[in-house]
Amino acid sequence: MSTTSSSAPGPQRQELKIISHSNLFYWWPVWAVGFLMGVITMIHGTLLAVVPKDTIAVSHIGTEKVNEPPKNVQAVLVGAQKGTFSEITDRTGLIYPAGATDAKTPYQHIANTKGPGVIFFTVLLLVIFITNVPLRGLWSVLVIVVIILAATLLSVFKVWDDVFDMLGVLDVRISMAGYFLVSAVLLVLWLIAFLFFDPKVYMVFSPGQIRYCLEIGDAEHVHDTTGMSVRKQRDDIFRHWVLGLGSGDLIVTTGGSKQETFDLPNVLFVGGKLKVIEDLLRSRSVVASTR
């Protein structure tokens with residue numbers, strides 16, 4: 001008895017592993033922008049002075065030729081360094097209220113404008129909204145049209161000036177250490193999820209069968225591909241294209257009398273992978289036995 005095997009025409013690739021990523025993948029703009037704002041804050045070279053209530057700023061302090069700062073005034077002097085009090089003359093400073101004795105030399109880097117803080121929190125809030133409120137298909141288009149229409153109407157009726165005046169009151173600032181700490185912790189969590197936890201939720205397609213594990217810690221299951229269909233769910237433009245860089249959600253439906261449906265959300269580069277999956281599902285191993 002002899003056995004020969006052949007395969008139907010198809011791609012040379014015999015197996016494709018699909019990884020379903022968590023929503024944390026879409027948070028990369030938060031830590032990326034956080035690091036950028038931290039670098040910008042450091043470049044500004046300005047420091048944060050933490051002062052008590054009722055502190056006032058003065059344009060001139062006329063202390064001259066003294067070895068110690070005035071006993072009756074606690075001041076943080078801009079430009080003054082430790083050991084240089086004998087040369088302080090005509091300086092700008094902050095005058096603490098009477099009784100304050102906790103004057104500290106500024107050391108925390110902070111931006112001299114409110115721009116970095118406003119940008120960081122805007123990105124953070126947008127990412128929170130996009131990753132928690134899916135807008136697929138027509139809803140994505142509708143939201144984009146509404147945003148463009150609202151911006152146009154505000155411009156036509158000259159309301160943007162009032163909006164910017166209101167935003168001008170908003171002053172959000174974070175120290176350089178704050179940006180780097182939040183971004184570093186989020187980056188570590190992102191890498192752990194992306195490199196360690198996400199690969200444990202997968203589906204492997206091969207001619208004739210699939211192997212899958214859809215929960216972390218679950219055993220691997222095997223299923224026949226006869227009658228199976230795979231389709232891509234309608235895109236969420238903001239989540240899949242703006243943050244996901246071409247990701248998407250796959251829906252796998254098995255054949256037979258007892259159909260099962262598996263959801264694989266947040267698959268990267270889903271368009272190209274879907275074509276490979278379709279080729280693998282069409283491939284069949286043919287085994288012929290002759291006596």
# chains A, B, ... in the order shown; residues from 1 in each chain; ligands from 1
call {"tool": "residues_around", "arguments": {"residues": "Gly271 in chain A", "least_positions_apart": "6", "cutoff": "9 Å", "atoms": "only C-alpha atoms", "output": "JSON, numbers by chain"}}
result
{"A": [232, 246, 247, 248]}
call {"tool": "residues_around", "arguments": {"residues": "Met37 in chain A", "least_positions_apart": "5", "cutoff": "10 Å", "atoms": "only C-alpha atoms", "output": "NGL selection string"}}
result
:A and (31-32 or 42-43 or 111 or 115-117 or 119-120 or 174-176 or 179-180 or 183)
call {"tool": "residues_around", "arguments": {"residues": "Met203 in chain A", "least_positions_apart": "5", "cutoff": "8 Å", "atoms": "only C-alpha atoms", "output": "compact mmCIF listing (two decimals) with C-alpha atoms, in the first residue's frame"}}
result
# COMPACT_ATOMS: atom_id res chain seq x y z
CA LYS A 17 -1.34 33.33 13.99
CA ILE A 18 -3.82 36.09 14.77
CA ILE A 19 -3.33 37.93 18.07
CA ILE A 210 -7.86 26.32 13.61
CA ARG A 211 -6.30 26.34 17.07
CA TYR A 212 -7.40 29.03 19.45
CA CYS A 213 -7.18 30.32 23.00
CA LEU A 214 -9.51 33.26 23.67
call {"tool": "atom_distance", "arguments": {"atom1": "CA of Gly272 in chain A", "atom2": "CA of His21 in chain A"}}
result
16.8 Å
call {"tool": "select_by_dssp", "arguments": {"residues": "range 205-278 of chain A", "states": "alpha helix (DSSP H)", "output": "PyMOL selection string"}}
result
chain A and resi 270-278
call {"tool": "residues_around", "arguments": {"residues": "Lys258 in chain A", "least_positions_apart": "4", "cutoff": "12 Å", "atoms": "only C-alpha atoms", "output": "tab-separated table (two decimals) with N, CA and C atoms, in the first residue's frame"}}
result
chain	number	residue	atom	x	y	z
A	227	GLY	N	-16.88	24.73	6.35
A	227	GLY	CA	-18.01	25.64	6.44
A	227	GLY	C	-17.74	26.89	7.24
A	228	MET	N	-16.51	27.14	7.62
A	228	MET	CA	-16.18	28.31	8.45
A	228	MET	C	-16.15	29.58	7.62
A	253	THR	N	-16.98	32.52	12.37
A	253	THR	CA	-18.18	31.70	12.57
A	253	THR	C	-17.92	30.30	12.04
A	254	THR	N	-18.11	29.30	12.87
A	254	THR	CA	-17.86	27.92	12.46
A	254	THR	C	-19.04	27.38	11.66
call {"tool": "residues_around", "arguments": {"residues": "His44 in chain A", "least_positions_apart": "6", "cutoff": "10 Å", "atoms": "only C-alpha atoms", "output": "ChimeraX atom specification"}}
result
/A:109-113
call {"tool": "closest_residue", "arguments": {"among": "A:Lys273, A:Lys114, A:His240, A:Arg136", "to": "Tyr26 in chain A", "atoms": "only C-alpha atoms"}}
result
A:His240
call {"tool": "closest_residue", "arguments": {"among": "A:Phe205, A:Phe262, A:Val143, A:Val276", "to": "Ile130 in chain A", "atoms": "only C-alpha atoms"}}
result
A:Val143
call {"tool": "atom_distance", "arguments": {"atom1": "CA of Ser283 in chain A", "atom2": "CA of Gln14 in chain A"}}
result
9.0 Å
call {"tool": "closest_residue", "arguments": {"among": "A:Tyr96, A:Phe25, A:Tyr202, A:Tyr107", "to": "Leu48 in chain A", "atoms": "only C-alpha atoms"}}
result
A:Tyr107
call {"tool": "atom_distance", "arguments": {"atom1": "CA of Ile148 in chain A", "atom2": "CA of Phe238 in chain A"}}
result
14.8 Å
call {"tool": "residues_around", "arguments": {"residues": "Gly208 in chain A", "least_positions_apart": "5", "cutoff": "9 Å", "atoms": "only C-alpha atoms", "output": "list in words"}}
result
His223, Asp224, Thr225, Thr226, Leu280, Leu281, Arg282, Ser283, Arg284 and Ser285 of chain A
